[in-house]
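Chemist: Please find run15.txt (compact mmCIF, C-alpha atoms) on the next line:
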```
# COMPACT_ATOMS: atom_id res chain seq x y z
CA MET A 1 152.63 308.80 -131.98
CA LYS A 2 151.78 311.92 -129.93
CA PHE A 3 148.33 312.74 -128.58
CA GLY A 4 148.76 316.27 -127.21
CA TYR A 5 145.65 318.06 -125.96
CA ALA A 6 143.82 314.72 -125.96
CA ILE A 7 140.34 314.41 -124.58
CA VAL A 8 140.82 311.66 -122.04
CA LEU A 9 138.10 309.28 -120.89
CA ALA A 10 139.55 307.17 -118.06
CA LEU A 11 137.04 304.85 -116.44
CA VAL A 12 138.15 302.25 -113.94
CA ALA A 13 135.23 299.98 -113.05
CA LEU A 14 136.00 299.13 -109.43
CA VAL A 15 133.07 298.39 -107.12
CA ALA A 16 133.83 298.20 -103.40
CA VAL A 17 132.90 294.84 -101.91
CA SER A 18 133.60 293.89 -98.30
CA GLY A 19 136.80 295.90 -98.04
CA PHE A 20 138.23 295.27 -101.49
CA ALA A 21 137.36 296.24 -105.03
CA SER A 22 135.64 293.67 -107.21
CA ALA A 23 135.96 293.46 -110.98
CA ASP A 24 137.23 291.32 -113.83
CA ARG A 25 138.99 288.02 -113.12
CA LEU A 26 140.80 287.04 -116.31
CA PRO A 27 141.16 283.43 -117.55
CA SER A 28 144.65 281.96 -117.74
CA GLN A 29 146.43 280.73 -120.84
CA VAL A 30 146.03 277.24 -122.30
CA PRO A 31 149.12 274.93 -122.55
CA GLU A 32 149.61 275.61 -126.26
CA ASN A 33 149.92 279.28 -127.19
CA GLN A 34 150.40 281.39 -130.30
CA ILE A 35 152.35 284.49 -131.26
CA PHE A 36 151.94 286.22 -134.61
CA THR A 37 152.65 289.58 -136.21
CA ILE A 38 151.28 291.12 -139.40
CA ASP A 39 152.90 294.22 -140.89
CA THR A 40 151.28 296.08 -143.78
CA LEU A 41 152.87 298.85 -145.84
CA ILE A 42 150.88 300.44 -148.69
CA ASP A 43 151.85 303.39 -150.88
CA VAL A 44 149.50 303.59 -153.85
CA THR A 45 147.43 305.84 -156.07
CA GLY A 46 144.20 304.00 -156.88
CA ALA A 47 141.54 301.85 -155.23
CA VAL A 48 142.40 300.07 -151.96
CA SER A 49 140.58 297.47 -149.85
CA GLU A 50 142.23 296.33 -146.61
CA GLU A 51 140.53 294.36 -143.80
CA SER A 52 141.59 292.61 -140.58
CA GLU A 53 139.61 290.87 -137.87
CA MET A 54 140.07 288.65 -134.84
CA GLN A 55 137.66 286.75 -132.61
CA TRP A 56 139.18 285.10 -129.54
CA THR A 57 137.37 283.13 -126.85
CA LEU A 58 139.06 281.61 -123.80
CA ALA A 59 137.44 279.75 -120.90
CA ASP A 60 138.97 278.81 -117.56
CA GLY A 61 138.00 277.17 -114.29
CA GLU A 62 139.12 274.19 -112.27
CA TYR A 63 137.33 272.21 -109.57
CA ASP A 64 137.07 268.67 -108.22
CA GLU A 65 133.99 266.54 -108.79
CA TYR A 66 132.74 263.89 -106.37
CA THR A 67 131.46 260.76 -108.10
CA VAL A 68 129.66 257.76 -106.64
CA THR A 69 129.03 254.81 -108.97
CA GLY A 70 126.68 251.99 -108.00
CA ILE A 71 126.04 248.46 -109.26
CA THR A 72 122.90 248.13 -111.37
CA THR A 73 121.26 245.92 -108.73
CA ALA A 74 122.07 248.31 -105.91
CA THR A 75 119.27 249.98 -104.01
CA MET A 76 119.47 253.31 -102.29
CA PRO A 77 120.09 252.91 -98.55
CA ALA A 78 116.77 253.26 -96.76
CA ALA A 79 118.02 256.14 -94.63
CA LEU A 80 118.72 258.15 -97.78
CA ALA A 81 115.48 257.49 -99.66
CA ALA A 82 113.91 260.64 -98.19
CA TYR A 83 116.27 262.77 -100.30
CA ALA A 84 115.13 261.38 -103.67
CA THR A 85 112.85 264.35 -104.44
CA ALA A 86 115.52 266.93 -103.64
CA LEU A 87 118.13 265.07 -105.70
CA ASN A 88 115.82 264.97 -108.71
CA LYS A 89 115.21 268.72 -108.42
CA ALA A 90 118.95 269.37 -108.30
CA LYS A 91 119.38 267.18 -111.38
CA ASP A 92 116.63 269.03 -113.28
CA ALA A 93 118.29 272.35 -112.37
CA GLY A 94 121.57 271.13 -113.87
CA LYS A 95 123.45 271.32 -110.56
CA ILE A 96 124.30 267.60 -110.35
CA ASP A 97 124.42 264.51 -112.56
CA LEU A 98 122.22 261.69 -111.31
CA SER A 99 121.13 258.29 -112.61
CA TRP A 100 118.73 255.86 -110.95
CA THR A 101 118.37 252.11 -111.33
CA THR A 102 115.03 250.52 -112.13
CA THR A 103 114.82 249.42 -108.48
CA GLY A 104 115.28 252.92 -107.17
CA GLY A 105 118.98 252.85 -106.37
CA ILE A 106 121.54 255.49 -107.35
CA SER A 107 123.73 254.20 -110.16
CA ASP A 108 125.65 257.49 -110.59
CA LEU A 109 125.85 260.68 -108.54
CA VAL A 110 128.23 263.49 -109.55
CA PHE A 111 128.45 266.90 -107.88
CA PRO A 112 131.13 269.62 -107.88
CA GLU A 113 133.35 270.29 -104.90
CA TRP A 114 131.77 273.66 -104.23
CA MET A 115 128.47 271.90 -103.42
CA LYS A 116 129.89 269.51 -100.82
CA GLY A 117 128.83 271.74 -97.92
CA ASP A 118 125.29 272.38 -99.27
CA LEU A 119 122.35 270.67 -97.62
CA VAL A 120 120.70 268.01 -99.77
CA ASP A 121 117.22 268.84 -98.45
CA PRO A 122 116.93 271.21 -95.46
CA THR A 123 113.25 270.27 -95.05
CA VAL A 124 114.31 266.70 -94.25
CA SER A 125 117.59 267.27 -92.41
CA THR A 126 119.59 270.32 -91.34
CA THR A 127 122.81 268.28 -91.22
CA MET A 128 122.86 266.01 -94.32
CA THR A 129 125.22 267.67 -96.83
CA TYR A 130 126.25 266.37 -100.24
CA GLU A 131 129.61 265.41 -98.79
CA GLN A 132 127.89 263.36 -96.08
CA LEU A 133 125.67 261.77 -98.72
CA TYR A 134 128.79 260.89 -100.68
CA THR A 135 130.37 259.35 -97.58
CA ALA A 136 127.20 257.41 -96.73
CA LEU A 137 126.95 255.90 -100.22
CA LYS A 138 130.64 255.02 -100.22
CA ALA A 139 130.11 253.20 -96.94
CA GLU A 140 127.92 250.71 -98.80
CA THR A 141 131.11 249.00 -99.93
CA THR A 142 129.38 246.04 -101.55
CA GLN A 143 127.28 248.33 -103.72
CA TYR A 144 129.05 251.64 -104.32
CA THR A 145 132.50 253.01 -105.15
CA GLY A 146 133.53 256.63 -104.85
CA LYS A 147 136.16 258.82 -106.46
CA THR A 148 137.07 262.45 -107.13
CA SER A 149 138.26 263.89 -110.42
CA THR A 150 139.32 267.31 -111.65
CA THR A 151 137.15 269.19 -114.14
CA TYR A 152 138.48 272.09 -116.20
CA GLY A 153 136.51 274.99 -117.63
CA ALA A 154 135.36 274.65 -121.23
CA ILE A 155 133.64 276.94 -123.72
CA HIS A 156 129.90 276.45 -123.38
CA SER A 157 126.71 278.48 -123.74
CA SER A 158 125.12 277.64 -120.38
CA LYS A 159 125.43 279.45 -117.06
CA LEU A 160 128.97 279.65 -115.70
CA GLN A 161 129.76 277.36 -112.79
CA PRO A 162 131.61 278.68 -109.72
CA THR A 163 135.37 279.08 -110.44
CA GLU A 164 134.64 279.47 -114.18
CA GLU A 165 135.37 282.58 -116.22
CA ILE A 166 135.23 283.32 -119.92
CA MET A 167 136.77 286.03 -122.10
CA ILE A 168 135.54 287.02 -125.57
CA LEU A 169 137.63 289.49 -127.56
CA THR A 170 136.48 290.82 -130.92
CA TRP A 171 138.49 293.21 -133.09
CA THR A 172 137.69 294.34 -136.64
CA ASP A 173 139.35 296.91 -138.87
CA SER A 174 138.47 297.87 -142.45
CA LEU A 175 139.65 300.50 -144.92
CA ARG A 176 138.51 301.25 -148.50
CA THR A 177 139.16 303.89 -151.13
CA ASN A 178 137.81 304.25 -154.66
CA GLY A 179 140.88 306.18 -155.80
CA GLY A 180 143.22 308.84 -154.51
CA LYS A 181 146.67 308.55 -152.96
CA LEU A 182 147.03 306.41 -149.81
CA SER A 183 150.09 305.80 -147.66
CA LEU A 184 149.48 303.20 -144.90
CA ASN A 185 151.68 301.57 -142.27
CA LYS A 186 149.86 299.01 -140.06
CA ASN A 187 151.27 296.67 -137.41
CA ILE A 188 149.45 293.82 -135.63
CA ASP A 189 151.09 291.99 -132.70
CA PHE A 190 149.38 289.09 -130.91
CA ASP A 191 150.53 286.89 -128.01
CA SER A 192 148.07 284.51 -126.31
CA GLN A 193 150.21 283.91 -123.21
CA ASN A 194 149.52 285.23 -119.70
CA LYS A 195 150.34 288.92 -119.39
CA GLY A 196 151.21 291.07 -116.41
CA LYS A 197 150.41 294.69 -115.71
CA GLY A 198 151.57 297.04 -118.45
CA LEU A 199 151.56 294.31 -121.11
CA SER A 200 148.95 293.37 -123.72
CA ASN A 201 147.81 290.30 -125.66
CA LEU A 202 146.80 292.18 -128.80
CA GLU A 203 148.23 295.49 -129.98
CA VAL A 204 147.39 297.20 -133.27
CA GLU A 205 148.86 300.47 -134.53
CA LYS A 206 148.38 302.23 -137.87
CA VAL A 207 149.37 305.53 -139.45
CA MET A 208 147.99 306.67 -142.81
CA THR A 209 147.83 309.71 -145.04
CA TYR A 210 145.15 310.13 -147.70
CA ALA A 211 144.63 312.67 -150.47
CA SER A 212 141.65 312.52 -152.82
CA THR A 213 141.90 312.72 -156.61
CA GLU A 214 139.05 313.13 -159.08
CA GLY A 215 136.35 313.03 -156.37
CA ALA A 216 137.55 309.82 -154.71
CA HIS A 217 137.24 309.34 -150.95
CA LEU A 218 138.23 307.02 -148.09
CA VAL A 219 135.98 305.16 -145.63
CA GLY A 220 136.97 302.96 -142.71
CA ALA A 221 135.96 301.58 -139.31
CA GLU A 222 137.70 299.96 -136.35
CA GLU A 223 135.99 298.29 -133.38
CA TRP A 224 137.25 296.64 -130.19
CA THR A 225 134.99 294.67 -127.81
CA LEU A 226 136.17 292.98 -124.59
CA ASP A 227 133.61 290.78 -122.82
CA VAL A 228 134.70 289.11 -119.57
CA ALA A 229 132.39 287.18 -117.22
CA GLY A 230 132.91 284.85 -114.28
CA ASN A 231 131.15 283.16 -111.41
CA TRP A 232 132.41 283.36 -107.83
CA GLU A 233 135.70 281.80 -106.78
CA THR A 234 137.65 281.58 -103.56
CA SER A 235 140.26 284.31 -103.41
CA ALA A 236 142.95 281.85 -102.27
CA ASP A 237 142.71 280.06 -105.64
CA THR A 238 143.41 283.20 -107.68
CA ILE A 239 146.34 284.80 -105.83
CA ARG A 240 149.79 283.44 -106.70
CA CYS A 241 151.91 285.64 -104.44
CA VAL A 242 152.31 283.98 -101.02
CA PHE A 243 152.59 287.38 -99.34
CA ALA A 244 149.32 288.69 -100.76
CA SER A 245 146.07 288.61 -98.85
CA SER A 246 142.51 289.64 -99.61
CA ALA A 247 139.88 291.18 -97.42
CA SER A 248 137.31 288.59 -98.48
CA GLU A 249 137.22 284.81 -98.83
CA TYR A 250 135.55 285.06 -102.25
CA PHE A 251 135.94 286.86 -105.56
CA PRO A 252 132.32 287.57 -106.60
CA ALA A 253 130.56 286.91 -109.91
CA PHE A 254 130.69 289.59 -112.62
CA CYS A 255 129.72 290.31 -116.25
CA ASN A 256 131.61 293.22 -117.84
CA VAL A 257 131.62 294.42 -121.47
CA VAL A 258 133.56 297.41 -122.86
CA LYS A 259 133.78 298.71 -126.43
CA ALA A 260 135.81 301.23 -128.43
CA LYS A 261 134.89 302.21 -132.01
CA SER A 262 135.95 304.74 -134.64
CA GLU A 263 134.53 305.48 -138.10
CA LEU A 264 135.94 307.39 -141.07
CA VAL A 265 133.31 308.63 -143.53
CA ASN A 266 134.05 310.21 -146.91
CA ILE A 267 137.55 311.36 -146.00
CA ASN A 268 139.02 313.57 -148.76
CA SER A 269 142.26 314.60 -147.10
CA ALA A 270 143.76 313.68 -143.71
CA GLN A 271 146.57 312.16 -141.71
CA ILE A 272 145.15 309.57 -139.31
CA SER A 273 146.82 307.53 -136.60
CA THR A 274 145.23 304.93 -134.27
CA LYS A 275 146.53 302.58 -131.61
CA GLY A 276 144.63 299.88 -129.69
CA ALA A 277 145.76 297.40 -127.05
CA VAL A 278 144.00 294.81 -124.90
CA ARG A 279 145.01 292.51 -122.04
CA SER A 280 142.58 289.63 -121.59
CA VAL A 281 144.64 286.69 -120.25
CA ALA A 282 146.46 286.48 -116.91
CA ASN A 283 147.59 283.84 -114.44
CA GLU A 284 146.20 285.42 -111.28
CA GLY A 285 143.31 287.53 -110.05
CA THR A 286 145.47 290.56 -109.26
CA ILE A 287 146.11 291.32 -112.96
CA PRO A 288 143.37 293.63 -114.31
CA ALA A 289 141.66 293.47 -117.68
CA MET A 290 142.68 296.33 -119.96
CA LEU A 291 141.46 298.00 -123.16
CA ASN A 292 143.11 301.16 -124.52
CA TYR A 293 142.36 303.01 -127.75
CA GLN A 294 143.67 306.24 -129.29
CA ILE A 295 142.84 308.11 -132.48
CA ALA A 296 144.24 311.35 -133.90
CA VAL A 297 143.14 313.13 -137.09
CA THR A 298 145.21 316.07 -138.38
CA PRO A 299 145.72 317.82 -141.74
CA ASP A 300 147.85 316.24 -144.45
CA SER A 301 150.95 318.44 -144.45
CA ASN A 302 151.18 318.13 -148.23
CA SER A 303 147.64 319.40 -148.87
CA GLY A 304 148.42 323.02 -148.14
CA SER A 305 144.90 323.67 -146.82
CA GLY A 306 145.70 323.39 -143.11
CA PHE A 307 142.63 321.21 -142.54
CA ALA A 308 141.64 317.54 -142.78
CA ASP A 309 138.41 317.09 -144.73
CA GLY A 310 135.69 314.50 -143.99
CA THR A 311 133.72 312.97 -141.11
CA VAL A 312 135.19 311.22 -138.06
CA LYS A 313 133.11 309.44 -135.39
CA THR A 314 134.08 307.72 -132.13
CA MET A 315 132.18 305.75 -129.49
CA PHE A 316 133.40 304.35 -126.17
CA GLY A 317 131.10 302.48 -123.79
CA GLY A 318 130.79 299.85 -121.10
CA SER A 319 128.29 297.75 -119.17
CA ILE A 320 129.44 296.57 -115.74
CA MET A 321 127.60 294.13 -113.44
CA GLU A 322 128.99 292.90 -110.12
CA ALA A 323 127.79 290.62 -107.32
CA ARG A 324 128.91 290.15 -103.71
CA MET A 325 130.54 287.13 -102.09
CA LYS A 326 128.89 283.89 -103.38
CA GLN A 327 125.60 285.55 -104.31
CA GLN A 328 124.03 285.06 -107.76
CA VAL A 329 122.32 288.47 -107.77
CA THR A 330 123.53 291.82 -109.12
CA SER A 331 124.78 294.18 -106.42
CA ALA A 332 126.18 296.92 -108.66
CA THR A 333 125.72 298.13 -112.23
CA ASN A 334 127.60 300.80 -114.16
CA ASN A 335 126.65 301.69 -117.75
CA TRP A 336 128.41 304.48 -119.58
CA LYS A 337 128.92 305.80 -123.11
CA ASP A 338 130.93 308.57 -124.80
CA SER A 339 130.43 309.52 -128.45
CA ALA A 340 131.77 312.24 -130.73
CA SER A 341 131.35 313.24 -134.38
CA VAL A 342 133.07 315.95 -136.42
CA THR A 343 132.45 316.93 -140.06
CA GLY A 344 134.08 319.48 -142.34
CA GLY A 345 137.47 321.14 -142.08
CA ILE A 346 139.22 319.38 -139.18
CA LYS A 347 142.17 321.20 -137.64
CA ASN A 348 142.68 318.66 -134.85
CA PHE A 349 140.62 315.72 -133.55
CA GLN A 350 142.02 313.44 -130.84
CA LYS A 351 140.44 310.95 -128.46
CA THR A 352 142.08 308.66 -125.90
CA PHE A 353 140.27 305.85 -124.08
CA ASN A 354 141.82 303.93 -121.17
CA TYR A 355 140.03 301.12 -119.29
CA GLU A 356 141.21 298.79 -116.54
CA SER A 357 139.16 296.53 -114.29
CA GLY A 358 140.58 294.26 -111.63
CA PHE A 359 140.93 293.39 -107.95
CA LYS A 360 142.70 295.66 -105.50
CA PHE A 361 144.31 294.45 -102.29
```
Would you put the structure from the file into structure tokens?

Modeler:
Amino acid sequence: MKFGYAIVLALVALVAVSGFASADRLPSQVPENQIFTIDTLIDVTGAVSEESEMQWTLADGEYDEYTVTGITTATMPAALAAYATALNKAKDAGKIDLSWTTTGGISDLVFPEWMKGDLVDPTVSTTMTYEQLYTALKAETTQYTGKTSTTYGAIHSSKLQPTEEIMILTWTDSLRTNGGKLSLNKNIDFDSQNKGKGLSNLEVEKVMTYASTEGAHLVGAEEWTLDVAGNWETSADTIRCVFASSASEYFPAFCNVVKAKSELVNINSAQISTKGAVRSVANEGTIPAMLNYQIAVTPDSNSGSGFADGTVKTMFGGSIMEARMKQQVTSATNNWKDSASVTGGIKNFQKTFNYESGFKF
């Protein structure tokens, strides 16, 4: 479809951080993936009800966990007893898993790899890190055993751990008439696999012509929402190309939400075309998130009036939050919104929305 003389809103949410631009880091595909297509063709005079929706959530993240398991009769080495208070605080904060025996020994201690360099309690020692604590407990060979295991990101409602990211995509589309003549061609294409630049996971396109009879009208709405959030991660873990390099050791935390929406209210006569596409899954940090949406409303060539008749509304918006390095504080925000509404005899109404957000090297 053509979108000549389009009003273009092109917003690329890229916030400069330590020599490179920081933005969305997409999750990668799961081992089992799906592809489906739905094609709809309607040519009818009478009442019509047609609805589609999709809600897709995908989590990612991978890190090693250090685990020390003790015997129930084991006691905490005397040199480490001074860290009991700090360990309990870390447990209460949800940073580590910790179990104590009735005699005061550690029966289980689990902490993620990204904490191994953190000090257990800087008020007690400026050198004792979690990794050193792990090594010290392992040294008690008659009491403790140690191991590492890999943990993968999972869908959860708590705060994202470092290396974790989550993507939530919501798409809804509805169309109803209480009579009149409707011609509709609608195509839905979905692929959950990793996508590169220029490709999309979900693409929806529809073209329809409507003419009212006996006071009937058409109403409809379409809405796209892409929500991507992630905690910090080392840049080396998210770049696949061996020749690529980043200006920073870390990809910072972020929480970005963008939305595109259109509404059709009491349409009596019109030709309407829309196209939406989103990319929300990729196998490396250099592939940006993407949401594109287009809508065009023109007269029905068979009406003879030269105008489309009804009300058309659009809304595009975003909320961007970015951090720096490994920090857990917001360093940049960017909130924006564009809305339009036309009512009456419509000669031409077109809107195009293009959004990308990713890392630049």

Chemist: Work out how far CA of Thr225 in chain A is from CA of Phe353 in chain A, in Å to one decimal.

Modeler: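 Answer for the CA of Phe353 in chain A to CA of Thr225 in chain A separation: 12.9 Å.
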
Chemist: Give me the residues near Asn302 in chain A as a PyMOL selection string, where near means some atom within 10 Å (using only C-alpha atoms) and where sequence neighbours in that chain fewer than 2 positions away do not count.

Modeler: chain A and resi 209+211+269-271+299-300+304-306

Chemist: At most 8 Å from (149.3, 289.1, -134.2), file frame, all atoms listed in the file: which residues, as a PyMOL selection string?

Modeler: chain A and resi 35-38+188-191+202-203

Chemist: List as a short mmCIF file (atom, residue, chain, number, x, y, z; two decimals) with C-alpha atoms, keeping the file's coordinate frame the protein and nucleic acid residues near Lys89 in chain A, meaning an atom at most 12 Å away when all atoms listed in the file are counted, but skip any in the same chain fewer than 5 places from it.

Modeler:
```
data_model
loop_
_atom_site.label_atom_id
_atom_site.label_comp_id
_atom_site.auth_asym_id
_atom_site.auth_seq_id
_atom_site.Cartn_x
_atom_site.Cartn_y
_atom_site.Cartn_z
CA TYR A 83 116.27 262.77 -100.30
CA ALA A 84 115.13 261.38 -103.67
CA GLY A 94 121.57 271.13 -113.87
CA LYS A 95 123.45 271.32 -110.56
CA ILE A 96 124.30 267.60 -110.35
CA ASP A 97 124.42 264.51 -112.56
CA LEU A 98 122.22 261.69 -111.31
CA VAL A 120 120.70 268.01 -99.77
CA ASP A 121 117.22 268.84 -98.45
#
```

Chemist: Please report the interatomic distance between CA of Phe359 in chain A and CA of Ala332 in chain A in Å with one decimal.

Modeler: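 Interatomic distance, CA of Phe359 in chain A to CA of Ala332 in chain A: 15.2 Å.
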
Chemist: Trp336 in chain A: which residues within 10 Å, counting only C-alpha atoms, same-chain residues fewer than 6 positions away excluded, as a list in words?

Modeler: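 Here the qualifying residues turn out to be Leu11, Val258, Phe316, Gly317, Gly318, Ser319 and Ile320 of chain A.
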
Chemist: Tell me, in Å to one decimal, how far CA of Trp56 in chain A is from CA of Met167 in chain A.

Modeler: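 One can read the CA of Trp56 in chain A to CA of Met167 in chain A distance as 7.9 Å.
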
Chemist: Could you give me, as JSON lines, a per-residue list for range 240-335 of chain A showing, wherever an atom lies at most 12 Å from an atom of range 59-65 of chain A, the closest pair of atoms and their distance in Å to one decimal, using only C-alpha atoms and sorting by chain then residue number from low to high?

Modeler:
```
{"residue": "A:Ser280", "atom": "CA", "partner": "A:Ala59", "partner_atom": "CA", "distance": 11.2}
{"residue": "A:Val281", "atom": "CA", "partner": "A:Ala59", "partner_atom": "CA", "distance": 10.0}
{"residue": "A:Ala282", "atom": "CA", "partner": "A:Asp60", "partner_atom": "CA", "distance": 10.7}
{"residue": "A:Asn283", "atom": "CA", "partner": "A:Asp60", "partner_atom": "CA", "distance": 10.5}
{"residue": "A:Glu284", "atom": "CA", "partner": "A:Asp60", "partner_atom": "CA", "distance": 11.6}
```

Chemist: For Gln328 in chain A, work out the shell of residues within 12 Å, counting only C-alpha atoms and skipping chain neighbours fewer than 4 positions away, then give it as a list of chain:residue names.

Modeler: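 So the residues in contact are A:Lys159, A:Leu160, A:Gln161, A:Pro162, A:Gly230, A:Asn231, A:Trp232, A:Pro252, A:Ala253, A:Phe254, A:Cys255, A:Met321, A:Glu322, A:Ala323, A:Arg324.
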
Chemist: What would the list of residues within 12 Å of (149.1, 283.8, -119.0) (file frame) look like as JSON, numbers by chain, if all atoms listed in the file are what count?

Modeler: {"A": [26, 27, 28, 29, 30, 31, 32, 33, 34, 58, 60, 191, 192, 193, 194, 195, 196, 197, 199, 200, 201, 279, 280, 281, 282, 283, 284, 285, 287]}

Chemist: Considering all atoms listed in the file, return as a PyMOL selection string whatever protein or nucleic-acid residues lie within 8 Å of Glu233 in chain A, sequence-local ones (same chain, fewer than 4 positions apart) excluded.

Modeler: chain A and resi 162-164+237-238+250-253+326

Chemist: Could you check which of A:Tyr66, A:Phe111, A:Tyr355, A:Tyr152 is closest to Asn256 in chain A, using all atoms listed in the file?

Modeler: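 Counting all atoms listed in the file, the residue closest to Asn256 in chain A is A:Tyr355.
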
Chemist: I need the residue nearest Glu249 in chain A from this list: A:Ser157, A:Ala86, A:Met325, A:Thr274. Use all atoms listed in the file for the distance.

Modeler: A:Met325

Chemist: Using all atoms listed in the file, which of the listed residues (A:Ser273, A:Gln327, A:Gln55, A:Asn187) sits closest to Val207 in chain A?

Modeler: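 Closest to Val207 in chain A of all the choices is A:Ser273.
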
Chemist: Of the candidates A:Thr150, A:Lys138, A:Ala47, A:Val278, which shows the shortest atom-to-atom distance to Leu175 in chain A, using all atoms listed in the file?

Modeler: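 That would be A:Ala47, the residue with the smallest distance to Leu175 in chain A.
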